[in-house]
Amino acid sequence: MAKLEVVFFAFCTLFVLLGAVFTVAARNPIRGAMGLLTTILGVAGMYLLLAAELLAAVQVVVYAGAVVILFLFVIMLIGPSSTGTSDARGAFGRYAGALVFLLFSAFSLWVITRMGGGSELTRMSPPPAGMGTVELIGREIFTQKVVVFELAGVLLLVAVVGAMAVASGKGAALFMPVVEREIAKKTAAKAKSEAVIGLGHGAAHAEKSAEPEGTGASS
C-alpha cells in the first residue's frame with residue numbers, strides 16, 4: 001500500500017508541476033486555463049493522500065468547477081487575442097528569474113535535509129478515523145472555531161463589497177472601448193446602407209427625369 005501511495009503522489013506531483021509550467025508558458029490563455037485545471041486536480045489528489053476528503057472535494061468543485069470556468073468565460077468574452085500583454089523584461093530577465101527560483105528551491109531542500117540530521121524523514125502516524133470528513137470538520141467549525149468562521153465570513157463580505165465598489169467605478173471605463181467599437185461598426189453599417197439606398201433612389205429619379213426628354217425627341 002505504501003508503494004501505491006508513492007506512485008499516486010508521484011503522479012499528483014507530475015500533474016502539479018506540468019500544469020503550473022504549462023499555465024505560465026502557454027501563449028494561448030485557454031490552454032493556460034487548462035494547465036491551471038491540471039494543477040488543481042493534482043493538488044486535490046494530494047489532499048486525498050492527507051485524508052482530507054472535504055478539501056479535495058472543495059478543490060475540485062470550487063476551483064476546478066467554478067474558478068476555471070469563470071476564467072474561460074472571461075477569456076471568451078473579451079477574446080483570446082485581447083489578453084496578450086507585452087513583456088518588457090526580455091528573455092534574459094525571464095531566464096534569470098527561473099534560475100534564481102531553482103537555486104532557492106535547491107537551497108531550501110538542502111536546509112530541510114540538514115535540519116533532519118541526514119537521517120530518514122519521520123513517518124507520519126496514520127490519521128484518526130473520520131479525519132477530513134464533512135461531519136468532523138462541521139463539528140469543529142461550529143463548536144470550537146465558530147468565531148473564526150464568522151470573522152472569515154465578514155472578511156469575504158468586505159471583499160465582495162469592495163470588489164463591487166471598484167467594478168461600479170471602473171467597469172464602464174473598462175468596457176467602454178468595446179462598446180464604442182460596436183457602436184462605430186453599427187453606425188458605419190447604417191451609413192453604408194443609407195448610401196446604397198440613396199444611390200438607388202438617385203438612379204431611379206434620374207431615369208424618371210430622362211423619360212420626358214426621350215419622349216419629346218421621338219415625337
# chains A, B, ... in the order shown; residues from 1 in each chain; ligands from 1
$ residues_around --residues "Gly45 of chain A" --least-positions-apart "3" --cutoff "9 Å" --atoms "only C-alpha atoms" --output "number ranges by chain"
A: 8-9, 11-12, 40-42, 48-50, 56
$ write_last_selection --atoms "N, CA and C atoms" --output "compact mmCIF listing (two decimals), in the first residue's frame"
# COMPACT_ATOMS: atom_id res chain seq x y z
N PHE A 8 1.03 7.22 -6.50
CA PHE A 8 -0.04 8.21 -6.63
C PHE A 8 0.47 9.62 -6.34
N PHE A 9 1.32 9.73 -5.34
CA PHE A 9 1.92 11.04 -5.03
C PHE A 9 2.81 11.52 -6.17
N PHE A 11 2.40 10.84 -9.36
CA PHE A 11 1.52 11.30 -10.44
C PHE A 11 0.92 12.67 -10.11
N CYS A 12 0.51 12.86 -8.86
CA CYS A 12 -0.05 14.15 -8.47
C CYS A 12 1.00 15.25 -8.58
N ILE A 40 -4.80 22.06 -10.38
CA ILE A 40 -5.82 21.96 -9.33
C ILE A 40 -6.18 20.50 -9.07
N LEU A 41 -6.29 19.70 -10.11
CA LEU A 41 -6.58 18.28 -9.92
C LEU A 41 -5.44 17.57 -9.20
N GLY A 42 -4.18 17.94 -9.50
CA GLY A 42 -3.06 17.35 -8.78
C GLY A 42 -3.06 17.71 -7.31
N LEU A 48 -6.23 14.15 -0.99
CA LEU A 48 -6.72 12.80 -0.72
C LEU A 48 -5.68 11.96 0.02
N LEU A 49 -4.42 12.12 -0.35
CA LEU A 49 -3.36 11.40 0.37
C LEU A 49 -3.26 11.83 1.82
N LEU A 50 -3.63 13.06 2.13
CA LEU A 50 -3.59 13.56 3.51
C LEU A 50 -4.89 13.30 4.26
N ALA A 56 -10.36 18.06 -0.72
CA ALA A 56 -10.22 17.59 -2.11
C ALA A 56 -11.48 17.87 -2.91
$ residues_around --residues "Leu72 of chain A" --least-positions-apart "5" --cutoff "9 Å" --atoms "only C-alpha atoms" --output "ChimeraX atom specification"
/A:29-30,33,67,77
$ write_last_selection --atoms "C-alpha atoms" --output "compact mmCIF listing (two decimals), in the first residue's frame"
# COMPACT_ATOMS: atom_id res chain seq x y z
CA PRO A 29 -4.91 31.77 -22.48
CA ILE A 30 -7.41 28.95 -22.92
CA ALA A 33 -6.51 27.71 -18.10
CA VAL A 67 -12.98 29.45 -10.89
CA LEU A 77 -15.96 37.36 -23.51
$ atom_distance --atom1 "atom CA of Ala159 of chain A" --atom2 "atom CA of Ala66 of chain A"
18.1 Å
$ closest_residue --among "A:Glu150, A:Ala163, A:Ala44, A:Met76" --to "Val62 of chain A" --atoms "only C-alpha atoms"
A:Ala44
$ atom_distance --atom1 "atom CA of Phe71 of chain A" --atom2 "atom CA of Val58 of chain A"
17.6 Å
$ select_by_dssp --residues "segment 2-145 of chain A" --states "helix (DSSP H, G or I)" --output "PyMOL selection string"
chain A and resi 2-25+29-49+53-78+80-82+90-115+134-141
$ closest_atom_pairs --of "segment 11-110 of chain A" --to "segment 133-149 of chain A" --cutoff "9 Å" --atoms "only C-alpha atoms" --output "Markdown table"
| residue | atom | partner | partner_atom | distance |
| --- | --- | --- | --- | --- |
| A:Ala51 | CA | A:Thr133 | CA | 8.4 |
| A:Ala52 | CA | A:Thr133 | CA | 7.0 |
| A:Glu53 | CA | A:Thr133 | CA | 6.0 |
| A:Leu54 | CA | A:Thr133 | CA | 5.8 |
| A:Leu55 | CA | A:Thr133 | CA | 8.9 |
$ write_last_selection --atoms "C-alpha atoms" --output "PDB file, in the first residue's frame"
ATOM      1  CA  ALA A  51      -7.038  12.102   4.312  1.00  0.00           C
ATOM      2  CA  ALA A  52      -8.678  15.473   3.639  1.00  0.00           C
ATOM      3  CA  GLU A  53     -11.608  14.351   1.535  1.00  0.00           C
ATOM      4  CA  LEU A  54     -13.595  17.550   2.075  1.00  0.00           C
ATOM      5  CA  LEU A  55     -10.711  19.770   0.962  1.00  0.00           C
TER       6      LEU A  55
END
$ atom_distance --atom1 "atom CA of Ala25 of chain A" --atom2 "atom CA of Val6 of chain A"
28.1 Å
$ residues_around --residues "Leu17 of chain A" --least-positions-apart "2" --cutoff "12 Å" --atoms "only C-alpha atoms" --output "PDB file with N, CA and C atoms, in the first residue's frame"
ATOM      1  N   ALA A  10       3.523  10.607  -6.798  1.00  0.00           N
ATOM      2  CA  ALA A  10       4.369  10.995  -7.935  1.00  0.00           C
ATOM      3  C   ALA A  10       3.525  11.505  -9.094  1.00  0.00           C
ATOM      4  N   PHE A  11       2.398  10.835  -9.363  1.00  0.00           N
ATOM      5  CA  PHE A  11       1.523  11.296 -10.441  1.00  0.00           C
ATOM      6  C   PHE A  11       0.920  12.666 -10.113  1.00  0.00           C
ATOM      7  N   CYS A  12       0.509  12.856  -8.863  1.00  0.00           N
ATOM      8  CA  CYS A  12      -0.052  14.154  -8.471  1.00  0.00           C
ATOM      9  C   CYS A  12       0.997  15.254  -8.582  1.00  0.00           C
ATOM     10  N   THR A  13       2.225  14.951  -8.160  1.00  0.00           N
ATOM     11  CA  THR A  13       3.296  15.941  -8.278  1.00  0.00           C
ATOM     12  C   THR A  13       3.583  16.273  -9.735  1.00  0.00           C
ATOM     13  N   LEU A  14       3.564  15.257 -10.580  1.00  0.00           N
ATOM     14  CA  LEU A  14       3.780  15.490 -12.007  1.00  0.00           C
ATOM     15  C   LEU A  14       2.683  16.367 -12.594  1.00  0.00           C
ATOM     16  N   PHE A  15       1.436  16.108 -12.205  1.00  0.00           N
ATOM     17  CA  PHE A  15       0.330  16.938 -12.685  1.00  0.00           C
ATOM     18  C   PHE A  15       0.488  18.385 -12.227  1.00  0.00           C
ATOM     19  N   GLY A  19       1.312  21.131 -14.990  1.00  0.00           N
ATOM     20  CA  GLY A  19       0.225  22.085 -15.144  1.00  0.00           C
ATOM     21  C   GLY A  19       0.656  23.512 -14.854  1.00  0.00           C
ATOM     22  N   ALA A  20       1.493  23.690 -13.815  1.00  0.00           N
ATOM     23  CA  ALA A  20       1.973  25.031 -13.482  1.00  0.00           C
ATOM     24  C   ALA A  20       2.863  25.585 -14.591  1.00  0.00           C
ATOM     25  N   VAL A  21       3.771  24.755 -15.105  1.00  0.00           N
ATOM     26  CA  VAL A  21       4.651  25.211 -16.186  1.00  0.00           C
ATOM     27  C   VAL A  21       3.838  25.529 -17.433  1.00  0.00           C
ATOM     28  N   PHE A  22       2.857  24.699 -17.744  1.00  0.00           N
ATOM     29  CA  PHE A  22       2.037  24.933 -18.931  1.00  0.00           C
ATOM     30  C   PHE A  22       1.177  26.183 -18.770  1.00  0.00           C
ATOM     31  N   THR A  23       0.719  26.456 -17.544  1.00  0.00           N
ATOM     32  CA  THR A  23      -0.073  27.659 -17.302  1.00  0.00           C
ATOM     33  C   THR A  23       0.737  28.911 -17.574  1.00  0.00           C
ATOM     34  N   VAL A  24       1.994  28.901 -17.162  1.00  0.00           N
ATOM     35  CA  VAL A  24       2.834  30.082 -17.340  1.00  0.00           C
ATOM     36  C   VAL A  24       3.363  30.180 -18.771  1.00  0.00           C
ATOM     37  N   GLY A  35      -4.037  24.191 -18.219  1.00  0.00           N
ATOM     38  CA  GLY A  35      -2.909  23.859 -17.354  1.00  0.00           C
ATOM     39  C   GLY A  35      -3.212  24.124 -15.892  1.00  0.00           C
ATOM     40  N   LEU A  36      -3.912  25.235 -15.610  1.00  0.00           N
ATOM     41  CA  LEU A  36      -4.328  25.513 -14.235  1.00  0.00           C
ATOM     42  C   LEU A  36      -5.277  24.454 -13.718  1.00  0.00           C
ATOM     43  N   LEU A  37      -6.159  23.971 -14.571  1.00  0.00           N
ATOM     44  CA  LEU A  37      -7.068  22.893 -14.174  1.00  0.00           C
ATOM     45  C   LEU A  37      -6.294  21.626 -13.823  1.00  0.00           C
ATOM     46  N   THR A  38      -5.266  21.313 -14.591  1.00  0.00           N
ATOM     47  CA  THR A  38      -4.433  20.145 -14.285  1.00  0.00           C
ATOM     48  C   THR A  38      -3.740  20.297 -12.932  1.00  0.00           C
ATOM     49  N   THR A  39      -3.240  21.485 -12.642  1.00  0.00           N
ATOM     50  CA  THR A  39      -2.606  21.731 -11.355  1.00  0.00           C
ATOM     51  C   THR A  39      -3.597  21.561 -10.212  1.00  0.00           C
ATOM     52  N   ILE A  40      -4.804  22.064 -10.382  1.00  0.00           N
ATOM     53  CA  ILE A  40      -5.819  21.955  -9.333  1.00  0.00           C
ATOM     54  C   ILE A  40      -6.176  20.496  -9.075  1.00  0.00           C
ATOM     55  N   LEU A  41      -6.286  19.701 -10.113  1.00  0.00           N
ATOM     56  CA  LEU A  41      -6.577  18.277  -9.924  1.00  0.00           C
ATOM     57  C   LEU A  41      -5.436  17.565  -9.198  1.00  0.00           C
ATOM     58  N   GLY A  42      -4.181  17.942  -9.504  1.00  0.00           N
ATOM     59  CA  GLY A  42      -3.056  17.353  -8.784  1.00  0.00           C
ATOM     60  C   GLY A  42      -3.058  17.707  -7.314  1.00  0.00           C
ATOM     61  N   VAL A  43      -3.392  18.948  -6.982  1.00  0.00           N
ATOM     62  CA  VAL A  43      -3.477  19.357  -5.576  1.00  0.00           C
ATOM     63  C   VAL A  43      -4.610  18.618  -4.871  1.00  0.00           C
TER      64      VAL A  43
END
